[in-house]
>>> print(open('data-v4.txt').read())   # compact mmCIF, C-alpha atoms
# COMPACT_ATOMS: atom_id res chain seq x y z
CA MET N 1 0.03 17.67 6.86
CA LYS N 2 1.32 20.51 4.76
CA GLY N 3 4.93 21.47 4.81
CA LEU N 4 7.08 23.98 3.02
CA VAL N 5 8.96 22.79 -0.05
CA ARG N 6 11.67 25.08 -1.37
CA PHE N 7 12.92 24.70 -4.89
CA THR N 8 13.78 26.66 -8.00
CA LEU N 9 10.93 26.93 -10.46
CA ASN N 10 11.69 28.22 -13.92
CA GLY N 11 14.75 30.00 -12.63
CA ALA N 12 13.20 31.64 -9.57
CA PRO N 13 13.37 30.38 -6.00
CA VAL N 14 9.97 29.45 -4.56
CA ALA N 15 8.67 28.14 -1.25
CA VAL N 16 5.34 26.35 -1.53
CA ALA N 17 3.20 25.06 1.30
CA THR N 18 1.94 21.68 0.17
CA GLU N 19 1.21 18.14 1.17
CA PRO N 20 4.63 16.48 0.74
CA LEU N 21 3.20 13.63 -1.32
CA ARG N 22 1.17 15.88 -3.59
CA ARG N 23 2.06 15.10 -7.17
CA THR N 24 4.23 17.75 -8.76
CA LEU N 25 1.75 17.72 -11.63
CA ASP N 26 -1.10 18.85 -9.34
CA LEU N 27 1.17 21.33 -7.61
CA LEU N 28 2.07 22.93 -10.92
CA ARG N 29 -1.35 22.93 -12.51
CA ASP N 30 -3.78 23.45 -9.64
CA ASP N 31 -1.73 25.33 -7.06
CA LEU N 32 0.66 27.36 -9.19
CA GLY N 33 -1.43 27.81 -12.34
CA LEU N 34 1.22 26.39 -14.67
CA THR N 35 -0.83 24.26 -17.03
CA ALA N 36 1.65 23.34 -19.77
CA ALA N 37 2.32 19.96 -18.15
CA LYS N 38 -0.69 17.78 -18.95
CA GLU N 39 -2.15 14.75 -17.32
CA GLY N 40 -2.37 11.89 -19.78
CA CYS N 41 -2.06 8.49 -18.17
CA GLY N 42 -1.10 9.52 -14.64
CA GLU N 43 1.26 6.58 -14.36
CA GLY N 44 4.42 7.58 -16.18
CA GLU N 45 3.67 5.98 -19.52
CA CYS N 46 2.77 8.92 -21.76
CA GLY N 47 5.15 11.76 -20.92
CA ALA N 48 2.51 14.50 -21.30
CA CYS N 49 3.36 15.77 -17.81
CA ALA N 50 7.12 15.88 -18.41
CA VAL N 51 9.20 18.55 -16.72
CA LEU N 52 12.94 18.94 -16.33
CA LEU N 53 14.26 18.15 -12.86
CA ASP N 54 17.82 19.44 -12.51
CA GLY N 55 17.95 19.42 -16.30
CA ARG N 56 16.73 15.86 -16.67
CA LEU N 57 13.38 14.73 -18.00
CA ALA N 58 10.97 13.54 -15.30
CA ASN N 59 7.28 12.70 -15.17
CA ALA N 60 5.52 15.18 -12.87
CA CYS N 61 2.74 12.65 -12.22
CA LEU N 62 5.20 10.35 -10.42
CA LEU N 63 7.08 13.02 -8.54
CA PRO N 64 5.95 13.75 -4.98
CA ALA N 65 6.40 17.43 -4.11
CA ALA N 66 8.76 16.53 -1.26
CA LEU N 67 11.33 15.31 -3.79
CA LEU N 68 11.58 18.80 -5.25
CA GLU N 69 13.28 20.18 -2.12
CA GLY N 70 16.47 21.97 -3.09
CA ARG N 71 16.15 21.06 -6.74
CA SER N 72 15.44 22.90 -9.93
CA VAL N 73 12.29 22.43 -12.00
CA LEU N 74 11.80 23.73 -15.51
CA THR N 75 8.38 23.61 -17.13
CA LEU N 76 7.48 24.64 -20.62
CA GLU N 77 6.44 28.04 -19.25
CA GLY N 78 10.05 28.64 -18.27
CA PHE N 79 11.55 27.02 -21.33
CA ARG N 80 9.49 29.03 -23.81
CA THR N 81 11.45 32.22 -23.14
CA THR N 82 14.70 30.67 -24.40
CA PRO N 83 16.37 30.79 -27.83
CA ARG N 84 16.39 26.97 -27.85
CA PHE N 85 12.61 26.97 -27.56
CA ALA N 86 12.36 29.41 -30.47
CA VAL N 87 14.28 27.00 -32.70
CA LEU N 88 12.25 23.98 -31.59
CA LYS N 89 8.99 25.90 -32.07
CA GLU N 90 9.93 26.88 -35.60
CA CYS N 91 11.00 23.33 -36.48
CA PHE N 92 7.87 21.78 -34.94
CA GLU N 93 5.74 24.22 -36.94
CA GLU N 94 7.57 23.63 -40.20
CA ALA N 95 7.46 19.85 -39.85
CA GLY N 96 3.79 19.84 -38.90
CA ALA N 97 4.75 18.13 -35.64
CA VAL N 98 1.83 19.56 -33.69
CA GLN N 99 -1.76 18.54 -34.13
CA CYS N 100 -3.94 18.53 -31.01
CA GLY N 101 -1.00 19.80 -28.95
CA TYR N 102 -1.61 17.76 -25.82
CA CYS N 103 1.72 15.93 -26.00
CA THR N 104 3.64 18.94 -27.28
CA PRO N 105 4.93 20.44 -24.00
CA GLY N 106 6.30 17.02 -23.04
CA MET N 107 7.76 16.45 -26.50
CA LEU N 108 9.50 19.84 -26.42
CA LEU N 109 11.02 19.21 -23.01
CA ALA N 110 12.05 15.68 -24.03
CA ALA N 111 13.74 17.24 -27.07
CA GLU N 112 15.45 19.84 -24.86
CA ALA N 113 16.62 17.14 -22.43
CA LEU N 114 18.00 15.10 -25.33
CA LEU N 115 19.71 17.94 -27.16
CA SER N 116 21.24 19.41 -24.02
CA ARG N 117 23.09 16.12 -23.48
CA ASN N 118 23.53 15.15 -27.09
CA PRO N 119 23.52 18.16 -29.47
CA HIS N 120 24.04 15.98 -32.56
CA PRO N 121 21.69 13.04 -32.11
CA SER N 122 21.19 10.27 -34.64
CA GLU N 123 17.64 9.38 -35.60
CA ARG N 124 17.90 6.44 -33.22
CA ASP N 125 19.01 8.74 -30.40
CA VAL N 126 15.94 10.91 -31.01
CA ARG N 127 13.68 7.86 -31.02
CA VAL N 128 15.10 6.79 -27.67
CA GLY N 129 14.96 10.34 -26.32
CA LEU N 130 11.25 10.62 -27.17
CA SER N 131 10.39 7.00 -26.40
CA GLY N 132 8.56 7.86 -23.18
CA ASN N 133 6.31 10.40 -24.89
CA LEU N 134 3.16 9.31 -26.65
CA CYS N 135 1.51 11.24 -29.47
CA ARG N 136 -1.80 9.99 -30.81
CA CYS N 137 -2.09 12.45 -33.71
CA THR N 138 1.05 12.76 -35.76
CA GLY N 139 2.45 9.28 -36.10
CA TYR N 140 5.80 10.60 -34.78
CA ALA N 141 7.58 10.97 -38.13
CA ALA N 142 7.02 14.74 -38.15
CA ILE N 143 8.21 15.04 -34.55
CA LEU N 144 11.39 13.09 -35.30
CA GLU N 145 12.01 15.32 -38.28
CA ALA N 146 11.40 18.45 -36.21
CA VAL N 147 13.90 17.46 -33.51
CA LEU N 148 16.58 16.44 -36.02
CA ASP N 149 15.95 19.70 -37.84
CA ALA N 150 16.26 21.70 -34.62
CA ALA N 151 19.61 20.04 -33.90
CA ARG N 152 20.86 21.32 -37.27
CA LYS N 153 19.27 24.77 -37.20
CA GLY N 154 20.13 25.32 -33.56
CA GLU N 155 23.79 24.45 -34.05
CA GLY N 156 25.73 25.99 -31.18
CA LEU N 157 22.66 26.56 -28.97
CA TRP N 158 22.90 23.17 -27.30
CA MET O 1 -5.28 8.11 7.10
CA THR O 2 -2.55 10.52 7.93
CA VAL O 3 0.82 10.28 6.40
CA ARG O 4 4.06 11.58 7.76
CA VAL O 5 6.94 12.18 5.38
CA LEU O 6 10.36 11.81 6.93
CA ARG O 7 13.46 13.28 5.38
CA PRO O 8 16.49 11.87 7.19
CA ALA O 9 19.73 13.78 6.65
CA THR O 10 21.99 10.78 7.23
CA LEU O 11 21.90 7.02 6.93
CA ALA O 12 22.11 6.73 10.73
CA GLU O 13 19.02 8.89 11.07
CA ALA O 14 17.19 6.85 8.44
CA LEU O 15 18.03 3.62 10.26
CA ALA O 16 16.90 5.14 13.57
CA ARG O 17 13.55 6.02 11.98
CA LEU O 18 13.19 2.51 10.59
CA ALA O 19 13.89 1.11 14.04
CA GLU O 20 11.11 3.29 15.53
CA SER O 21 8.27 2.60 13.14
CA ARG O 22 7.34 0.70 10.01
CA CYS O 23 8.10 3.00 7.10
CA THR O 24 7.38 2.94 3.42
CA VAL O 25 10.77 3.57 1.85
CA LEU O 26 10.67 5.96 -1.11
CA ALA O 27 13.73 6.49 -3.31
CA GLY O 28 12.66 7.65 -6.80
CA GLY O 29 9.01 6.76 -6.43
CA THR O 30 8.45 5.78 -10.07
CA ASP O 31 6.98 2.45 -9.07
CA LEU O 32 5.54 3.37 -5.68
CA LEU O 33 3.55 6.31 -7.03
CA VAL O 34 2.00 4.13 -9.72
CA ARG O 35 1.04 1.43 -7.24
CA HIS O 36 -0.49 3.93 -4.83
CA ARG O 37 -2.07 6.14 -7.44
CA THR O 38 -5.59 7.37 -6.77
CA ALA O 39 -7.21 10.09 -8.87
CA ALA O 40 -5.93 13.19 -10.62
CA GLY O 41 -5.51 15.93 -8.04
CA ALA O 42 -5.66 13.49 -5.13
CA LEU O 43 -2.88 12.22 -2.91
CA PRO O 44 -1.44 8.75 -3.36
CA ASP O 45 -2.96 6.28 -0.91
CA LEU O 46 0.15 5.95 1.21
CA SER O 47 -0.30 6.09 4.94
CA GLY O 48 1.88 5.94 8.01
CA ASP O 49 5.49 7.01 7.72
CA VAL O 50 7.15 7.52 4.35
CA LEU O 51 10.92 7.64 4.49
CA LEU O 52 12.70 9.56 1.72
CA VAL O 53 16.06 7.92 1.04
CA GLY O 54 16.86 8.98 -2.52
CA ARG O 55 19.22 11.80 -1.55
CA LEU O 56 21.16 10.03 1.19
CA ASP O 57 24.86 10.11 0.35
CA ALA O 58 25.35 6.57 1.67
CA LEU O 59 22.92 5.29 -0.95
CA ARG O 60 24.43 7.12 -3.88
CA GLY O 61 27.36 6.73 -6.19
CA ILE O 62 28.96 4.03 -8.28
CA ALA O 63 32.51 3.03 -7.39
CA ARG O 64 35.05 0.32 -8.01
CA ASP O 65 35.39 -1.99 -5.03
CA GLY O 66 38.09 -4.57 -5.69
CA GLY O 67 36.77 -6.91 -8.37
CA ALA O 68 33.27 -5.50 -8.20
CA LEU O 69 31.26 -2.33 -8.47
CA ARG O 70 29.61 -0.90 -5.41
CA VAL O 71 26.40 0.65 -6.62
CA GLY O 72 24.41 2.78 -4.19
CA ALA O 73 20.84 1.59 -3.89
CA ALA O 74 19.59 5.04 -4.89
CA ALA O 75 21.74 5.20 -8.04
CA THR O 76 19.37 5.94 -10.90
CA PHE O 77 19.33 3.96 -14.10
CA ALA O 78 20.47 7.09 -15.93
CA GLU O 79 23.50 7.34 -13.66
CA LEU O 80 24.32 3.68 -14.31
CA LEU O 81 24.01 4.20 -18.06
CA GLU O 82 26.28 7.25 -17.95
CA SER O 83 28.93 5.68 -15.73
CA PRO O 84 32.17 4.65 -17.47
CA LEU O 85 32.63 2.04 -14.73
CA VAL O 86 29.54 0.08 -15.76
CA PRO O 87 30.27 -2.61 -18.40
CA ASP O 88 28.40 -2.21 -21.68
CA LEU O 89 26.83 -5.66 -21.32
CA TRP O 90 25.08 -4.49 -18.15
CA LYS O 91 23.76 -1.37 -19.81
CA GLU O 92 21.36 -3.21 -22.10
CA PRO O 93 18.95 -4.21 -19.34
CA PHE O 94 19.37 -0.83 -17.64
CA ALA O 95 18.53 0.95 -20.91
CA SER O 96 15.34 -1.09 -21.25
CA VAL O 97 13.89 0.06 -17.94
CA GLY O 98 10.94 2.43 -18.44
CA SER O 99 11.70 5.50 -20.51
CA PRO O 100 14.27 8.31 -20.21
CA ALA O 101 12.06 10.11 -17.66
CA VAL O 102 11.71 6.94 -15.59
CA ARG O 103 15.42 6.07 -15.81
CA ASN O 104 16.29 9.59 -14.63
CA VAL O 105 14.39 9.09 -11.39
CA GLY O 106 13.98 5.35 -10.86
CA THR O 107 16.67 3.59 -8.84
CA ILE O 108 18.29 0.17 -9.02
CA GLY O 109 17.64 -0.37 -5.32
CA GLY O 110 13.97 0.38 -5.84
CA ASN O 111 13.81 -2.10 -8.68
CA ALA O 112 15.37 -4.76 -6.46
CA ALA O 113 13.33 -3.98 -3.35
CA ASN O 114 10.00 -3.89 -5.21
CA ALA O 115 10.61 -7.52 -6.11
CA SER O 116 8.37 -7.47 -9.15
CA PRO O 117 8.93 -10.68 -11.13
CA ALA O 118 9.16 -8.41 -14.18
CA GLY O 119 11.83 -6.02 -12.85
CA ASP O 120 14.21 -5.46 -15.73
CA SER O 121 17.44 -5.16 -13.76
CA LEU O 122 16.80 -8.34 -11.79
CA PRO O 123 18.00 -10.99 -14.27
CA LEU O 124 21.33 -9.15 -14.42
CA LEU O 125 21.64 -8.98 -10.64
CA ALA O 126 20.92 -12.70 -10.52
CA ALA O 127 23.33 -13.57 -13.33
CA LEU O 128 26.17 -11.61 -11.74
CA ASP O 129 25.62 -13.23 -8.33
CA GLY O 130 25.16 -9.74 -6.95
CA VAL O 131 25.26 -9.23 -3.22
CA LEU O 132 23.08 -6.73 -1.39
CA LEU O 133 24.16 -4.69 1.60
CA LEU O 134 21.31 -4.38 4.10
CA GLN O 135 21.71 -2.12 7.09
CA SER O 136 19.68 -1.50 10.20
CA ALA O 137 20.29 0.11 13.56
CA ARG O 138 21.21 -3.41 14.70
CA GLY O 139 24.03 -3.77 12.21
CA GLU O 140 24.58 -4.82 8.63
CA ARG O 141 24.55 -7.97 6.59
CA MET O 142 25.36 -9.00 3.04
CA VAL O 143 22.65 -11.02 1.34
CA PRO O 144 23.26 -12.81 -1.96
CA PHE O 145 20.72 -11.65 -4.54
CA ARG O 146 19.53 -15.23 -5.01
CA ASP O 147 18.34 -15.22 -1.39
CA PHE O 148 16.82 -11.75 -1.48
CA HIS O 149 13.56 -12.34 -3.30
CA LEU O 150 11.13 -14.61 -1.50
CA GLY O 151 8.32 -14.13 -4.01
CA PRO O 152 6.50 -11.38 -5.89
CA GLY O 153 6.76 -8.23 -3.76
CA ARG O 154 8.47 -10.13 -0.94
CA THR O 155 12.08 -9.73 0.08
CA ALA O 156 14.43 -10.77 2.85
CA LEU O 157 14.43 -7.19 4.17
CA ALA O 158 13.40 -7.00 7.82
CA PRO O 159 11.02 -4.09 8.60
CA ASP O 160 13.86 -2.10 10.14
CA GLU O 161 16.35 -2.81 7.35
CA LEU O 162 17.32 -0.63 4.44
CA LEU O 163 18.86 -1.75 1.17
CA VAL O 164 21.93 0.49 1.06
CA ALA O 165 24.08 -0.77 -1.80
CA LEU O 166 24.64 -3.55 -4.28
CA ARG O 167 27.94 -5.27 -4.89
CA LEU O 168 28.10 -6.43 -8.50
CA PRO O 169 31.14 -8.52 -9.51
CA LEU O 170 32.99 -7.38 -12.63
CA LEU O 171 33.31 -10.57 -14.65
CA PRO O 172 35.26 -11.19 -17.85
CA HIS O 173 32.20 -11.83 -20.01
CA ASP O 174 32.89 -11.02 -23.64
CA ARG O 175 29.41 -11.59 -25.02
CA GLY O 176 25.91 -11.33 -23.81
CA VAL O 177 22.32 -10.63 -24.69
CA TRP O 178 19.36 -8.98 -23.03
CA TRP O 179 16.05 -9.61 -24.66
CA LYS O 180 12.97 -8.03 -23.19
CA VAL O 181 9.57 -8.91 -24.61
CA GLY O 182 6.88 -6.29 -24.10
CA PRO O 183 4.11 -4.58 -26.05
CA ARG O 184 6.07 -1.36 -26.54
CA ARG O 185 9.77 -0.52 -26.70
CA ALA O 186 9.57 1.94 -23.81
CA ASN O 187 7.58 1.90 -20.61
CA ALA O 188 6.46 -1.68 -21.01
CA VAL O 189 6.31 -4.07 -18.10
CA SER O 190 8.05 -7.16 -19.46
CA LYS O 191 5.97 -10.16 -20.46
CA LEU O 192 9.19 -12.10 -20.12
CA SER O 193 12.90 -11.49 -20.50
CA PHE O 194 16.12 -13.39 -21.09
CA LEU O 195 19.65 -12.48 -20.11
CA GLY O 196 22.66 -14.46 -21.24
CA LEU O 197 26.31 -13.74 -20.43
CA ALA O 198 29.34 -15.75 -21.42
CA ALA O 199 33.10 -15.72 -21.48
CA VAL O 200 34.62 -17.60 -24.39
CA GLU O 201 38.40 -17.91 -24.51
CA ASP O 202 40.38 -19.80 -27.14
CA GLY O 203 37.11 -21.22 -28.41
CA ILE O 204 36.21 -22.69 -25.02
CA VAL O 205 33.25 -21.57 -22.92
CA ARG O 206 34.84 -20.55 -19.62
CA ASP O 207 31.66 -19.28 -18.04
CA ALA O 208 28.04 -19.05 -19.17
CA ARG O 209 25.09 -17.66 -17.28
CA MET O 210 21.43 -17.46 -18.12
CA ALA O 211 18.73 -15.67 -16.17
CA LEU O 212 15.07 -15.79 -17.13
CA GLY O 213 12.76 -12.99 -16.01
CA ALA O 214 8.97 -12.98 -15.46
CA VAL O 215 8.58 -16.74 -15.96
CA ALA O 216 8.45 -17.64 -12.27
CA PRO O 217 7.81 -15.83 -8.96
CA THR O 218 11.47 -14.82 -8.95
CA VAL O 219 14.28 -14.77 -11.52
CA VAL O 220 15.23 -18.27 -12.72
CA ARG O 221 18.82 -19.45 -12.99
CA VAL O 222 19.66 -23.10 -13.39
CA PRO O 223 23.16 -23.96 -12.14
CA GLN O 224 23.17 -27.43 -13.75
CA ALA O 225 22.46 -25.90 -17.14
CA GLU O 226 25.31 -23.45 -16.77
CA THR O 227 27.69 -26.13 -15.52
CA LEU O 228 26.82 -28.21 -18.55
CA LEU O 229 28.00 -25.39 -20.81
CA ALA O 230 31.25 -24.59 -19.00
CA GLY O 231 34.24 -26.20 -20.67
CA LEU O 232 32.47 -26.97 -23.94
CA ARG O 233 33.97 -25.81 -27.19
CA ALA O 234 31.79 -22.86 -28.24
CA VAL O 235 31.09 -24.53 -31.59
CA ASP O 236 29.72 -27.56 -29.75
CA VAL O 237 27.19 -25.55 -27.73
CA PRO O 238 24.37 -25.84 -30.30
CA ALA O 239 24.59 -29.63 -30.05
CA ALA O 240 24.07 -29.34 -26.30
CA ALA O 241 21.20 -26.86 -26.60
CA ASP O 242 18.40 -29.41 -26.21
CA ARG O 243 19.80 -30.71 -22.95
CA VAL O 244 20.23 -27.17 -21.59
CA LEU O 245 16.74 -26.18 -22.68
CA ALA O 246 15.24 -29.25 -21.02
CA LEU O 247 16.74 -28.13 -17.72
CA LEU O 248 15.47 -24.58 -18.17
CA SER O 249 12.05 -25.85 -19.17
CA GLU O 250 11.77 -27.83 -15.97
CA ALA O 251 12.74 -24.84 -13.85
CA ILE O 252 10.41 -22.15 -15.16
CA ARG O 253 6.90 -21.66 -13.78
CA PRO O 254 5.22 -19.09 -16.02
CA ILE O 255 1.68 -17.95 -15.28
CA ASP O 256 -1.30 -16.47 -17.13
CA ASP O 257 -1.92 -12.82 -16.22
CA VAL O 258 -2.95 -9.51 -17.77
CA ARG O 259 0.32 -9.17 -19.63
CA SER O 260 0.73 -12.58 -21.22
CA THR O 261 -0.04 -16.26 -21.02
CA ARG O 262 1.74 -19.21 -19.54
CA ALA O 263 2.10 -20.86 -22.95
CA TYR O 264 3.48 -17.75 -24.64
CA ARG O 265 5.95 -17.09 -21.87
CA ARG O 266 7.19 -20.67 -21.90
CA GLU O 267 7.51 -20.84 -25.67
CA VAL O 268 9.23 -17.51 -26.14
CA SER O 269 11.60 -17.63 -23.19
CA LEU O 270 12.89 -21.03 -24.30
CA ARG O 271 13.25 -19.81 -27.87
CA LEU O 272 15.30 -16.87 -26.68
CA ALA O 273 17.48 -19.24 -24.67
CA ARG O 274 17.90 -21.38 -27.78
CA ARG O 275 18.91 -18.35 -29.80
CA PHE O 276 21.53 -17.47 -27.18
CA LEU O 277 22.91 -21.02 -27.25
CA GLU O 278 22.84 -21.51 -31.00
CA GLU O 279 23.65 -18.05 -32.32
CA VAL O 280 25.43 -16.01 -29.66
CA LEU O 281 27.61 -18.49 -27.80
CA PRO O 282 29.32 -20.07 -30.84
CA ARG O 283 29.80 -16.71 -32.57
>>> encode(input="data-v4.txt", output="structure tokens")
Amino acid sequence: MKGLVRFTLNGAPVAVATEPLRRTLDLLRDDLGLTAAKEGCGEGECGACAVLLDGRLANACLLPAALLEGRSVLTLEGFRTTPRFAVLKECFEEAGAVQCGYCTPGMLLAAEALLSRNPHPSERDVRVGLSGNLCRCTGYAAILEAVLDAARKGEGLW
Amino acid sequence: MTVRVLRPATLAEALARLAESRCTVLAGGTDLLVRHRTAAGALPDLSGDVLLVGRLDALRGIARDGGALRVGAAATFAELLESPLVPDLWKEPFASVGSPAVRNVGTIGGNAANASPAGDSLPLLAALDGVLLLQSARGERMVPFRDFHLGPGRTALAPDELLVALRLPLLPHDRGVWWKVGPRRANAVSKLSFLGLAAVEDGIVRDARMALGAVAPTVVRVPQAETLLAGLRAVDVPAAADRVLALLSEAIRPIDDVRSTRAYRREVSLRLARRFLEEVLPR
């Protein structure tokens, strides 16, 4: 049975009528037309569906809509209007950290989640921060470089 | 099948619901949603009443309670890792659970209540002699962790009971290891795991604990093996390793499954125990 879930989505309050156990991933993509979060594995192993829930990384495929009540969700669509995104975008482009792009929204939000808590991460910190996100194209080295680069170039933003 | 999602505002309300009907308890959902996954775009195959407990105040928070920590059952692994009250030695197993996204949502109570033999916080709960607070509309009881798991997926929780908090003793361990063996550093279900904790004072082993994960239906601890170590000079532990390992070897019951084999689990878990005895304890 559908119910109303009220939460903040990309900075704006929303009230969505949905099945309470509908996956946030389906809610975002199919009901709200926000398609940056991708379905990879559907069981929390790949991170392609990552969103920020109250500023923390979460897998939208494992998040029933009912758990969004009263909370704040940021997807890449909301993040891409920020100066932090601009720096990450530039660094991802320069490092060649994007190939097919499927993992990229999740990688960018994982980077944002990491840098917002730890603005000066070591390489190991970045590896841990991105450890739940799989990329099958780049081999990761370019992504690591991009995030470390963004931490330097974005000094003061995080 | 219809499903009804219940969002109690208080613990009392949650317990009243549990007393009325059998509920599936959902805290973070990171395990439940995988187990009940269907297809993309479709609802998970949960039916009946689903009780959301992750936001209940009574299940949250990490606080000092005498010589122990009281950890709310809905405390997430990220909260445990960020808490200054949580000893560093405990943080190693917590940090190995899932990935950052899973640790941000997944809860320690969920890990305990799921009773997977491979749950990564369970060897620690066993090694610490943790005690679980179970509450129902009938009252409350404290259950030692060693009595909580009856087998894979089976716990001592009655249908109307809720795991509310964990009491984890703060012990003077000065060294410890957590070794998790899986196919990938993050998001791997453990093939097997080994946790060792010890307190060595003036060169004497005052206390040593070993807990072996995923090599039996529930976590394995062997009191005789730990008693054998207590009181030894740390430098003499390697000489006692074979006797300790023989006791551990007798106690474990590894199986063949999709993740690993009986032989591999046996071999590697005992090697990790040997490394703890020969390299970490005398250090």
>>> closest_residue(input="data-v4.txt", among="N:Val73, N:Leu34, N:Leu62, N:Cys41", to="N:Val14", atoms="all atoms listed in the file")
N:Val73
>>> interface_residues(input="data-v4.txt", of="chain O", to="chain N", cutoff="12 Å", atoms="only C-alpha atoms", output="VMD selection string")
chain O and resid 1 to 7 26 to 55 76 78 to 79 82 95 to 106 184 to 189
>>> write_last_selection(input="data-v4.txt", atoms="C-alpha atoms", output="compact mmCIF listing (two decimals), in the frame of the given file")
# COMPACT_ATOMS: atom_id res chain seq x y z
CA MET O 1 -5.28 8.11 7.10
CA THR O 2 -2.55 10.52 7.93
CA VAL O 3 0.82 10.28 6.40
CA ARG O 4 4.06 11.58 7.76
CA VAL O 5 6.94 12.18 5.38
CA LEU O 6 10.36 11.81 6.93
CA ARG O 7 13.46 13.28 5.38
CA LEU O 26 10.67 5.96 -1.11
CA ALA O 27 13.73 6.49 -3.31
CA GLY O 28 12.66 7.65 -6.80
CA GLY O 29 9.01 6.76 -6.43
CA THR O 30 8.45 5.78 -10.07
CA ASP O 31 6.98 2.45 -9.07
CA LEU O 32 5.54 3.37 -5.68
CA LEU O 33 3.55 6.31 -7.03
CA VAL O 34 2.00 4.13 -9.72
CA ARG O 35 1.04 1.43 -7.24
CA HIS O 36 -0.49 3.93 -4.83
CA ARG O 37 -2.07 6.14 -7.44
CA THR O 38 -5.59 7.37 -6.77
CA ALA O 39 -7.21 10.09 -8.87
CA ALA O 40 -5.93 13.19 -10.62
CA GLY O 41 -5.51 15.93 -8.04
CA ALA O 42 -5.66 13.49 -5.13
CA LEU O 43 -2.88 12.22 -2.91
CA PRO O 44 -1.44 8.75 -3.36
CA ASP O 45 -2.96 6.28 -0.91
CA LEU O 46 0.15 5.95 1.21
CA SER O 47 -0.30 6.09 4.94
CA GLY O 48 1.88 5.94 8.01
CA ASP O 49 5.49 7.01 7.72
CA VAL O 50 7.15 7.52 4.35
CA LEU O 51 10.92 7.64 4.49
CA LEU O 52 12.70 9.56 1.72
CA VAL O 53 16.06 7.92 1.04
CA GLY O 54 16.86 8.98 -2.52
CA ARG O 55 19.22 11.80 -1.55
CA THR O 76 19.37 5.94 -10.90
CA ALA O 78 20.47 7.09 -15.93
CA GLU O 79 23.50 7.34 -13.66
CA GLU O 82 26.28 7.25 -17.95
CA ALA O 95 18.53 0.95 -20.91
CA SER O 96 15.34 -1.09 -21.25
CA VAL O 97 13.89 0.06 -17.94
CA GLY O 98 10.94 2.43 -18.44
CA SER O 99 11.70 5.50 -20.51
CA PRO O 100 14.27 8.31 -20.21
CA ALA O 101 12.06 10.11 -17.66
CA VAL O 102 11.71 6.94 -15.59
CA ARG O 103 15.42 6.07 -15.81
CA ASN O 104 16.29 9.59 -14.63
CA VAL O 105 14.39 9.09 -11.39
CA GLY O 106 13.98 5.35 -10.86
CA ARG O 184 6.07 -1.36 -26.54
CA ARG O 185 9.77 -0.52 -26.70
CA ALA O 186 9.57 1.94 -23.81
CA ASN O 187 7.58 1.90 -20.61
CA ALA O 188 6.46 -1.68 -21.01
CA VAL O 189 6.31 -4.07 -18.10
>>> atom_distance(input="data-v4.txt", atom1="atom CA of N:Gly154", atom2="atom CA of N:Leu74")
19.9 Å
>>> closest_atom_pairs(input="data-v4.txt", of="stretch 28-147 of chain N", to="stretch 7-11 of chain N", cutoff="8 Å", atoms="only C-alpha atoms", output="CSV")
residue,atom,partner,partner_atom,distance
N:Leu68,CA,N:Phe7,CA,6.1
N:Glu69,CA,N:Phe7,CA,5.3
N:Gly70,CA,N:Phe7,CA,4.8
N:Arg71,CA,N:Phe7,CA,5.2
N:Ser72,CA,N:Thr8,CA,4.5
N:Val73,CA,N:Leu9,CA,4.9
N:Leu74,CA,N:Asn10,CA,4.8
N:Thr75,CA,N:Asn10,CA,6.5
N:Glu77,CA,N:Asn10,CA,7.5
N:Gly78,CA,N:Asn10,CA,4.7
N:Phe79,CA,N:Asn10,CA,7.5
>>> residues_around(input="data-v4.txt", residues="stretch 121-123 of chain N", least_positions_apart="3", cutoff="10 Å", atoms="all atoms listed in the file", output="count of residues only")
14
>>> closest_residue(input="data-v4.txt", among="O:Arg70, O:Lys91, O:Arg206, O:Arg259", to="O:Ala165", atoms="all atoms listed in the file")
O:Arg70
>>> residues_near_point(input="data-v4.txt", point="(-1.4, 9.4, -34.0)", cutoff="12 Å", atoms="only C-alpha atoms", output="PyMOL selection string")
chain N and resi 97-103+133-143
>>> residues_around(input="data-v4.txt", residues="O:Pro93", least_positions_apart="2", cutoff="12 Å", atoms="all atoms listed in the file", output="PyMOL selection string")
chain O and resi 77-78+80-81+86-91+95-98+103+108+118-125+127+176-181+190+193-196+211+213
>>> atom_distance(input="data-v4.txt", atom1="atom CA of O:Leu150", atom2="atom CA of O:Ala225")
22.4 Å
>>> atom_distance(input="data-v4.txt", atom1="atom CA of O:Arg209", atom2="atom CA of O:Arg167")
17.8 Å
>>> residues_near_point(input="data-v4.txt", point="(23.9, 2.1, 12.3)", cutoff="12 Å", atoms="all atoms listed in the file", output="ChimeraX atom specification")
/O:10-19,58,134-141,160-162,164
>>> residues_around(input="data-v4.txt", residues="O:Val215", least_positions_apart="4", cutoff="9 Å", atoms="all atoms listed in the file", output="list in words")
Pro117, Ala118, Lys191, Leu192, Ser193, Val219, Val220, Ile252, Arg253, Pro254, Ile255, Arg262, Arg265, Arg266 and Ser269 of chain O
